[in-house]
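Report on one structure; see the data block that follows.
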Amino acid sequence: MKTLIIYKSIHHENTKKVAERMASVLETKLAGPNDFNPVEISNHDLIGFGSGIYGAKHHKDLFDLVHNFPDFNGKKAFIFSTSGGGEKDIEKSHKKLREKLKEKKFDIIGEFNCKGWVGLGPLKLIGGMNKGRPSEEDLKNVESFARELKKKIVLS
């Protein structure tokens, strides 16, 4: 199974920690939205897309990348993120990227979110929110998610 994980991680590198743990389980490389040739996607069985959540959606660079894709006719994909709200916000926070990927005919086989440390704006004054997240427990959940993705690809 050939996999590629495309992610954007900025402030506290929460999403980078998640992406690196996924990559270790899926035995794959990581790339930023602007750090690879989009033609490479057709050479992979599974593509992951992730970032922190900003204003209830993924980072703009992921949308710009996906917007320029051709249709991928059932190529398997997964979405992941870190956010202040965590998993309870997944339906809302992944909605725009999910719609964009479906528009490009990706088959989304899984979604993951966990809380990440947020220390921007007024939260900076009180030391932020979710300090220490993603935690080791969160990262173990990442590993479980990645193992489930592997099973889904093998069974398909």
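In the structure tokens, chains take letters A, B, ... by order of appearance, with residues numbered from 1 within each chain and ligands from 1 in the order shown.
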
Exercise: Asn141 in chain A partners within 10 Å, only C-alpha atoms, chain neighbours under 6 positions left out, as a ChimeraX atom specification: /A:18,21-22,112-114,135,147

DSSP-assigned alpha helix (DSSP H) among range 14-148 of chain A, expressed as an MDAnalysis selection string: chainID A and resid 14:26 60:67 90:93 95:103 136:148

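For the set A:Asp35, A:Glu111, A:Asp64, A:Glu136, the residue with the smallest atom-to-atom gap to Phe78 in chain A is A:Glu111, counting only C-alpha atoms.
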
Nearest to Lys140 in chain A by atom-to-atom distance, counting only C-alpha atoms, from A:Ser24, A:Ser42, A:Ser51, A:Asn68: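 Of the candidates, the smallest distance to Lys140 in chain A is held by A:Ser24.
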
Test item: residues at most 9 Å from Ala77 in chain A, only C-alpha atoms, excluding those fewer than 5 positions along its chain, as an MDAnalysis selection string: chainID A and resid 45:49 101 106:110

Convert the current residue selection to file output with N, CA and C atoms, as a PDB file, in the first residue's frame.
```pdb
ATOM      1  N   ASP A  45      -2.039   4.746  -3.256  1.00  0.00           N
ATOM      2  CA  ASP A  45      -3.314   4.069  -3.001  1.00  0.00           C
ATOM      3  C   ASP A  45      -4.186   4.852  -2.025  1.00  0.00           C
ATOM      4  N   LEU A  46      -3.556   5.610  -1.141  1.00  0.00           N
ATOM      5  CA  LEU A  46      -4.251   6.318  -0.076  1.00  0.00           C
ATOM      6  C   LEU A  46      -3.581   7.668   0.154  1.00  0.00           C
ATOM      7  N   ILE A  47      -4.406   8.716   0.260  1.00  0.00           N
ATOM      8  CA  ILE A  47      -3.900  10.075   0.482  1.00  0.00           C
ATOM      9  C   ILE A  47      -4.558  10.640   1.736  1.00  0.00           C
ATOM     10  N   GLY A  48      -3.737  11.163   2.642  1.00  0.00           N
ATOM     11  CA  GLY A  48      -4.252  11.819   3.837  1.00  0.00           C
ATOM     12  C   GLY A  48      -4.133  13.322   3.708  1.00  0.00           C
ATOM     13  N   PHE A  49      -5.130  14.037   4.184  1.00  0.00           N
ATOM     14  CA  PHE A  49      -5.153  15.498   4.152  1.00  0.00           C
ATOM     15  C   PHE A  49      -5.427  16.013   5.555  1.00  0.00           C
ATOM     16  N   LEU A 101     -13.147  17.414  -1.331  1.00  0.00           N
ATOM     17  CA  LEU A 101     -12.573  16.142  -1.774  1.00  0.00           C
ATOM     18  C   LEU A 101     -13.610  15.292  -2.516  1.00  0.00           C
ATOM     19  N   PHE A 106     -12.886  11.870  -4.617  1.00  0.00           N
ATOM     20  CA  PHE A 106     -12.149  11.034  -3.681  1.00  0.00           C
ATOM     21  C   PHE A 106     -13.146  10.201  -2.887  1.00  0.00           C
ATOM     22  N   ASP A 107     -12.753   9.004  -2.499  1.00  0.00           N
ATOM     23  CA  ASP A 107     -13.532   8.124  -1.628  1.00  0.00           C
ATOM     24  C   ASP A 107     -12.934   8.271  -0.224  1.00  0.00           C
ATOM     25  N   ILE A 108     -13.631   8.958   0.666  1.00  0.00           N
ATOM     26  CA  ILE A 108     -13.116   9.234   2.008  1.00  0.00           C
ATOM     27  C   ILE A 108     -13.417   8.030   2.899  1.00  0.00           C
ATOM     28  N   ILE A 109     -12.348   7.373   3.377  1.00  0.00           N
ATOM     29  CA  ILE A 109     -12.527   6.139   4.141  1.00  0.00           C
ATOM     30  C   ILE A 109     -12.327   6.329   5.648  1.00  0.00           C
ATOM     31  N   GLY A 110     -12.012   7.535   6.076  1.00  0.00           N
ATOM     32  CA  GLY A 110     -11.854   7.764   7.506  1.00  0.00           C
ATOM     33  C   GLY A 110     -11.573   9.222   7.818  1.00  0.00           C
TER      34      GLY A 110
END
```

Non-local contacts of range 87-90 of chain A (12 Å; only C-alpha atoms; under 6 positions in same chain excluded) as a VMD selection string: chain A and resid 52 to 53 55 to 58 79 to 81 96 to 98 110 to 116 134 138 141

Shell of 9 Å around Asp71 in chain A, only C-alpha atoms, local chain residues under 5 positions omitted, as an NGL selection string: :A and (103-106)

Those of chain A in DSSP strand (DSSP E), formatted as a PyMOL selection string: chain A and resi 3-8+29-31+46-52+76-83+107-115

Could you save those same residues with N, CA, C and O atoms as a tab-separated table (two decimals), in the first residue's frame?
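Saved result, selection_3.tsv, follows:
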```
chain	number	residue	atom	x	y	z
A	3	THR	N	1.12	5.16	0.36
A	3	THR	CA	0.35	6.24	1.00
A	3	THR	C	1.14	7.53	0.97
A	3	THR	O	2.37	7.53	1.02
A	4	LEU	N	0.42	8.65	0.93
A	4	LEU	CA	1.01	9.98	1.04
A	4	LEU	C	0.16	10.78	2.01
A	4	LEU	O	-1.07	10.74	1.94
A	5	ILE	N	0.82	11.47	2.94
A	5	ILE	CA	0.11	12.33	3.88
A	5	ILE	C	0.52	13.77	3.59
A	5	ILE	O	1.70	14.11	3.63
A	6	ILE	N	-0.48	14.58	3.29
A	6	ILE	CA	-0.28	16.01	3.00
A	6	ILE	C	-0.86	16.78	4.19
A	6	ILE	O	-2.03	16.60	4.53
A	7	TYR	N	-0.03	17.60	4.80
A	7	TYR	CA	-0.52	18.30	5.99
A	7	TYR	C	0.09	19.70	6.10
A	7	TYR	O	1.12	19.99	5.50
A	8	LYS	N	-0.56	20.51	6.91
A	8	LYS	CA	-0.09	21.87	7.21
A	8	LYS	C	-0.17	22.01	8.73
A	8	LYS	O	-1.22	21.80	9.33
A	29	LYS	N	5.70	8.79	3.66
A	29	LYS	CA	6.32	10.10	3.80
A	29	LYS	C	5.26	11.17	4.00
A	29	LYS	O	4.07	10.96	3.71
A	30	LEU	N	5.73	12.32	4.45
A	30	LEU	CA	4.87	13.48	4.67
A	30	LEU	C	5.25	14.57	3.68
A	30	LEU	O	6.41	14.67	3.27
A	31	ALA	N	4.27	15.38	3.33
A	31	ALA	CA	4.53	16.51	2.44
A	31	ALA	C	3.63	17.67	2.82
A	31	ALA	O	2.51	17.46	3.30
A	46	LEU	N	-3.56	5.61	-1.14
A	46	LEU	CA	-4.25	6.32	-0.08
A	46	LEU	C	-3.58	7.67	0.15
A	46	LEU	O	-2.36	7.74	0.25
A	47	ILE	N	-4.41	8.72	0.26
A	47	ILE	CA	-3.90	10.08	0.48
A	47	ILE	C	-4.56	10.64	1.74
A	47	ILE	O	-5.78	10.60	1.87
A	48	GLY	N	-3.74	11.16	2.64
A	48	GLY	CA	-4.25	11.82	3.84
A	48	GLY	C	-4.13	13.32	3.71
A	48	GLY	O	-3.15	13.83	3.18
A	49	PHE	N	-5.13	14.04	4.18
A	49	PHE	CA	-5.15	15.50	4.15
A	49	PHE	C	-5.43	16.01	5.56
A	49	PHE	O	-6.45	15.65	6.16
A	50	GLY	N	-4.54	16.85	6.09
A	50	GLY	CA	-4.78	17.34	7.44
A	50	GLY	C	-4.14	18.67	7.75
A	50	GLY	O	-3.18	19.08	7.12
A	51	SER	N	-4.72	19.32	8.75
A	51	SER	CA	-4.17	20.58	9.29
A	51	SER	C	-4.87	20.87	10.60
A	51	SER	O	-5.80	20.16	11.01
A	52	GLY	N	-4.42	21.95	11.23
A	52	GLY	CA	-5.18	22.49	12.34
A	52	GLY	C	-6.47	23.08	11.78
A	52	GLY	O	-6.61	23.25	10.57
A	76	LYS	N	-8.77	6.59	-2.77
A	76	LYS	CA	-9.02	6.55	-1.32
A	76	LYS	C	-8.30	7.71	-0.62
A	76	LYS	O	-7.16	8.02	-0.92
A	77	ALA	N	-9.02	8.32	0.33
A	77	ALA	CA	-8.47	9.45	1.08
A	77	ALA	C	-8.96	9.41	2.52
A	77	ALA	O	-9.96	8.76	2.83
A	78	PHE	N	-8.23	10.10	3.38
A	78	PHE	CA	-8.69	10.33	4.74
A	78	PHE	C	-8.39	11.76	5.14
A	78	PHE	O	-7.54	12.42	4.54
A	79	ILE	N	-9.13	12.23	6.13
A	79	ILE	CA	-9.01	13.61	6.61
A	79	ILE	C	-8.64	13.55	8.08
A	79	ILE	O	-9.16	12.71	8.83
A	80	PHE	N	-7.75	14.46	8.51
A	80	PHE	CA	-7.43	14.55	9.93
A	80	PHE	C	-7.20	16.00	10.32
A	80	PHE	O	-6.98	16.86	9.47
A	81	SER	N	-7.28	16.23	11.63
A	81	SER	CA	-7.09	17.60	12.12
A	81	SER	C	-6.81	17.60	13.61
A	81	SER	O	-7.03	16.60	14.30
A	82	THR	N	-6.34	18.73	14.08
A	82	THR	CA	-6.27	19.04	15.50
A	82	THR	C	-7.04	20.35	15.67
A	82	THR	O	-7.06	21.18	14.77
A	83	SER	N	-7.68	20.48	16.83
A	83	SER	CA	-8.47	21.69	17.05
A	83	SER	C	-8.69	21.92	18.53
A	83	SER	O	-8.45	21.03	19.35
A	107	ASP	N	-12.75	9.00	-2.50
A	107	ASP	CA	-13.53	8.12	-1.63
A	107	ASP	C	-12.93	8.27	-0.22
A	107	ASP	O	-11.84	7.77	0.04
A	108	ILE	N	-13.63	8.96	0.67
A	108	ILE	CA	-13.12	9.23	2.01
A	108	ILE	C	-13.42	8.03	2.90
A	108	ILE	O	-14.58	7.72	3.15
A	109	ILE	N	-12.35	7.37	3.38
A	109	ILE	CA	-12.53	6.14	4.14
A	109	ILE	C	-12.33	6.33	5.65
A	109	ILE	O	-12.46	5.37	6.41
A	110	GLY	N	-12.01	7.53	6.08
A	110	GLY	CA	-11.85	7.76	7.51
A	110	GLY	C	-11.57	9.22	7.82
A	110	GLY	O	-11.09	9.96	6.96
A	111	GLU	N	-11.91	9.60	9.06
A	111	GLU	CA	-11.65	10.96	9.54
A	111	GLU	C	-11.20	10.89	10.99
A	111	GLU	O	-11.72	10.07	11.76
A	112	PHE	N	-10.25	11.73	11.36
A	112	PHE	CA	-9.72	11.75	12.71
A	112	PHE	C	-9.52	13.19	13.16
A	112	PHE	O	-9.10	14.04	12.38
A	113	ASN	N	-9.82	13.43	14.43
A	113	ASN	CA	-9.54	14.72	15.05
A	113	ASN	C	-9.21	14.49	16.50
A	113	ASN	O	-9.76	13.60	17.15
A	114	CYS	N	-8.29	15.28	17.01
A	114	CYS	CA	-8.04	15.31	18.45
A	114	CYS	C	-7.76	16.75	18.86
A	114	CYS	O	-7.47	17.60	18.02
A	115	LYS	N	-7.87	16.99	20.15
A	115	LYS	CA	-7.60	18.33	20.66
A	115	LYS	C	-6.13	18.66	20.47
A	115	LYS	O	-5.26	17.80	20.54
```

Nearest to Leu26 in chain A, chosen from A:Lys2, A:His44, A:His12, A:His59, with only C-alpha atoms counted in the distances: A:Lys2

Distance of CA of Gly74 in chain A from CA of Met1 in chain A, expressed in Å to one decimal place: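 Pair CA of Met1 in chain A / CA of Gly74 in chain A returns 15.7 Å.
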
Atomic separation - CA of Asn14 in chain A relative to CA of Gly84 in chain A, Å: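 Here the two named atoms are 10.7 Å from each other.
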